[in-house]
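Working notes, structure below.
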Amino acid sequence: MLNVLQKKLISWCYLKFSMTEYRLNAYHIMWIFIMFDLPNVTKKDKKEAARFRKNLERDGFIKHQFSVYTRFCGSLESAHVHIKRVKSFLPAQGTVSILMVTDKQYSEIINYTGGTEEKMRHIPIQLELF
């Protein structure tokens with residue numbers, strides 16, 4: 001018969017390993033795409049567009065194309081936090097679209113550079129020594 005300490009250890013191990021599996025699940029990890037078309041006519045418009053881009057970069061977004069920025073989020077909750085942050089510094093004019101996709105969907109992306117397909121690098125989850 002198991003004592004109380006052994007039962008707690010077993011339940012803790014089960015919870016720890018199931019949470020790790022949950023966190024690494026490709027359907028729970030999210031990517032955010034911010035796509036925007038901002039006016040660039042006046043000096044004020046250019047300054048506001050530059051401010052928006054700088055705020056995106058400060059929040060951890062990476063430039064995918066000129067008006068498309070992406071960010072990796074470890075969970076849906078984290079993605080909602082970053083979306084809320086982007087909403088807080090939206091420019092007064094222009095169009096901004098926010099797209100959220102799972103890591104599984106993002107892994108199917110096909111990129112072309114100069115007319116040739118650019119292969120996605122396989123990035124292992126952990127360091128493999130042998």
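Convention: chains lettered A, B, ... in structure tokens order; per-chain residue numbering from 1; ligands numbered from 1 as shown.
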Could you give me, as a PDB file with C-alpha atoms, in the first residue's frame, the residues within 7 Å of Thr102 of chain A, counting only C-alpha atoms and dropping anything in the same chain fewer than 6 positions from it?
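selection_15.pdb, written as the output of this step:
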```pdb
ATOM      1  CA  ALA A  26       1.896  22.462 -31.427  1.00  0.00           C
ATOM      2  CA  TYR A  27      -1.791  23.294 -31.116  1.00  0.00           C
ATOM      3  CA  HIS A  28      -1.309  25.352 -27.929  1.00  0.00           C
ATOM      4  CA  ILE A  29       1.705  27.394 -29.032  1.00  0.00           C
ATOM      5  CA  MET A  30       0.619  30.495 -30.964  1.00  0.00           C
ATOM      6  CA  TRP A  31       2.038  32.910 -33.542  1.00  0.00           C
TER       7      TRP A  31
END
```
Could you pull the residues within 12 Å of Gln65 of chain A, counting only C-alpha atoms, minus those fewer than 6 positions along the same chain, as a PyMOL selection string? chain A and resi 33-36+53+111
Store the residues picked out above in a file with N, CA, C and O atoms, as a PDB file, in the first residue's frame.
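Contents of the output file part_36.pdb:
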```pdb
ATOM      1  N   PHE A  33       0.441  37.453 -36.152  1.00  0.00           N
ATOM      2  CA  PHE A  33       0.838  38.245 -37.310  1.00  0.00           C
ATOM      3  C   PHE A  33       0.142  39.597 -37.202  1.00  0.00           C
ATOM      4  O   PHE A  33      -1.074  39.656 -37.022  1.00  0.00           O
ATOM      5  N   ILE A  34       0.912  40.671 -37.320  1.00  0.00           N
ATOM      6  CA  ILE A  34       0.353  42.017 -37.378  1.00  0.00           C
ATOM      7  C   ILE A  34       0.608  42.531 -38.791  1.00  0.00           C
ATOM      8  O   ILE A  34       1.756  42.625 -39.220  1.00  0.00           O
ATOM      9  N   MET A  35      -0.469  42.820 -39.514  1.00  0.00           N
ATOM     10  CA  MET A  35      -0.364  43.336 -40.880  1.00  0.00           C
ATOM     11  C   MET A  35      -0.991  44.717 -40.906  1.00  0.00           C
ATOM     12  O   MET A  35      -2.099  44.885 -40.385  1.00  0.00           O
ATOM     13  N   PHE A  36      -0.306  45.674 -41.478  1.00  0.00           N
ATOM     14  CA  PHE A  36      -0.841  47.035 -41.425  1.00  0.00           C
ATOM     15  C   PHE A  36      -0.549  47.806 -42.694  1.00  0.00           C
ATOM     16  O   PHE A  36       0.411  47.518 -43.416  1.00  0.00           O
ATOM     17  N   ARG A  53       5.776  50.963 -35.528  1.00  0.00           N
ATOM     18  CA  ARG A  53       6.766  49.909 -35.803  1.00  0.00           C
ATOM     19  C   ARG A  53       7.714  49.717 -34.623  1.00  0.00           C
ATOM     20  O   ARG A  53       8.043  48.594 -34.242  1.00  0.00           O
ATOM     21  N   ASN A 111       8.146  29.587 -47.807  1.00  0.00           N
ATOM     22  CA  ASN A 111       8.751  30.878 -48.148  1.00  0.00           C
ATOM     23  C   ASN A 111       9.540  30.762 -49.440  1.00  0.00           C
ATOM     24  O   ASN A 111      10.211  29.756 -49.677  1.00  0.00           O
TER      25      ASN A 111
END
```
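The coordinates place atom CA of Cys73 of chain A at 19.9 Å from atom CA of Leu90 of chain A.
If you look at atom CA of Gly115 of chain A and atom CA of Val101 of chain A, they are 25.6 Å away from each other.
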Please list as a PyMOL selection string every residue within 9 Å of Asp59 of chain A, counting only C-alpha atoms and excluding residues in the same chain fewer than 4 positions away. chain A and resi 54-55+71+82+85-86
For those residues, write all heavy atoms to a file as a JSON list (two decimals), in the first residue's frame.
```json
[["chain", "number", "residue", "atom", "x", "y", "z"],
["A", 54, "LYS", "N", 8.18, 50.81, -34.04],
["A", 54, "LYS", "CA", 9.10, 50.72, -32.89],
["A", 54, "LYS", "C", 8.42, 50.06, -31.70],
["A", 54, "LYS", "O", 9.04, 49.26, -30.99],
["A", 54, "LYS", "CB", 9.61, 52.11, -32.51],
["A", 54, "LYS", "CG", 10.64, 52.63, -33.47],
["A", 54, "LYS", "CD", 11.11, 54.01, -33.06],
["A", 54, "LYS", "CE", 12.05, 54.59, -34.12],
["A", 54, "LYS", "NZ", 12.46, 55.95, -33.78],
["A", 55, "ASN", "N", 7.15, 50.39, -31.48],
["A", 55, "ASN", "CA", 6.41, 49.75, -30.38],
["A", 55, "ASN", "C", 6.25, 48.25, -30.61],
["A", 55, "ASN", "O", 6.34, 47.46, -29.67],
["A", 55, "ASN", "CB", 5.05, 50.41, -30.18],
["A", 55, "ASN", "CG", 5.14, 51.73, -29.47],
["A", 55, "ASN", "OD1", 6.08, 51.98, -28.71],
["A", 55, "ASN", "ND2", 4.18, 52.60, -29.71],
["A", 71, "ARG", "N", 5.21, 37.37, -34.10],
["A", 71, "ARG", "CA", 5.69, 37.13, -32.75],
["A", 71, "ARG", "C", 5.27, 35.75, -32.30],
["A", 71, "ARG", "O", 4.14, 35.33, -32.50],
["A", 71, "ARG", "CB", 5.13, 38.16, -31.77],
["A", 71, "ARG", "CG", 5.80, 38.05, -30.40],
["A", 71, "ARG", "CD", 5.18, 38.96, -29.39],
["A", 71, "ARG", "NE", 6.02, 39.21, -28.25],
["A", 71, "ARG", "CZ", 6.41, 38.29, -27.36],
["A", 71, "ARG", "NH1", 6.09, 37.04, -27.52],
["A", 71, "ARG", "NH2", 7.16, 38.63, -26.32],
["A", 82, "HIS", "N", -0.34, 40.04, -25.60],
["A", 82, "HIS", "CA", 0.36, 40.84, -26.61],
["A", 82, "HIS", "C", -0.60, 41.53, -27.57],
["A", 82, "HIS", "O", -0.35, 42.65, -28.01],
["A", 82, "HIS", "CB", 1.37, 39.97, -27.36],
["A", 82, "HIS", "CG", 2.52, 39.57, -26.49],
["A", 82, "HIS", "ND1", 3.50, 40.47, -26.12],
["A", 82, "HIS", "CD2", 2.82, 38.41, -25.88],
["A", 82, "HIS", "CE1", 4.37, 39.85, -25.34],
["A", 82, "HIS", "NE2", 3.97, 38.61, -25.18],
["A", 85, "ARG", "N", -1.79, 44.53, -25.82],
["A", 85, "ARG", "CA", -0.74, 45.55, -25.83],
["A", 85, "ARG", "C", -0.69, 46.27, -27.17],
["A", 85, "ARG", "O", -0.52, 47.49, -27.23],
["A", 85, "ARG", "CB", 0.60, 44.90, -25.50],
["A", 85, "ARG", "CG", 1.58, 45.81, -24.85],
["A", 85, "ARG", "CD", 2.81, 45.09, -24.40],
["A", 85, "ARG", "NE", 2.54, 44.29, -23.20],
["A", 85, "ARG", "CZ", 3.26, 43.25, -22.83],
["A", 85, "ARG", "NH1", 4.28, 42.86, -23.56],
["A", 85, "ARG", "NH2", 2.96, 42.59, -21.74],
["A", 86, "VAL", "N", -0.83, 45.51, -28.27],
["A", 86, "VAL", "CA", -0.82, 46.13, -29.61],
["A", 86, "VAL", "C", -2.03, 47.06, -29.75],
["A", 86, "VAL", "O", -1.90, 48.16, -30.29],
["A", 86, "VAL", "CB", -0.83, 45.05, -30.72],
["A", 86, "VAL", "CG1", -1.09, 45.67, -32.08],
["A", 86, "VAL", "CG2", 0.49, 44.29, -30.74]]
```
In Å, rounded to a single decimal, give me how far atom CA of Lys104 of chain A is from atom CA of Ile32 of chain A.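 Separation of atom CA of Ile32 of chain A and atom CA of Lys104 of chain A: 13.0 Å.
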Hey, which of A:Gly94, A:Ile83, A:Asp103, A:Tyr112 ends up closest to Leu38 of chain A? Count only C-alpha atoms.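 Ranked by minimum distance to Leu38 of chain A, first place goes to A:Gly94.
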Choose the residue, out of A:His80, A:Pro91, A:Glu117, A:Ser75, that has the smallest atom-to-atom separation from Phe52 of chain A; count only C-alpha atoms.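 So, comparing all the options, the nearest one is A:Pro91.
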Glu48 of chain A proximity check over A:Ile98, A:Ile62, A:Ala92, A:Val68, using only C-alpha atoms: winner is A:Ala92
DSSP strand (DSSP E) residues within segment 79-114 of chain A, listed as number ranges by chain: A: 95-102, 111-113
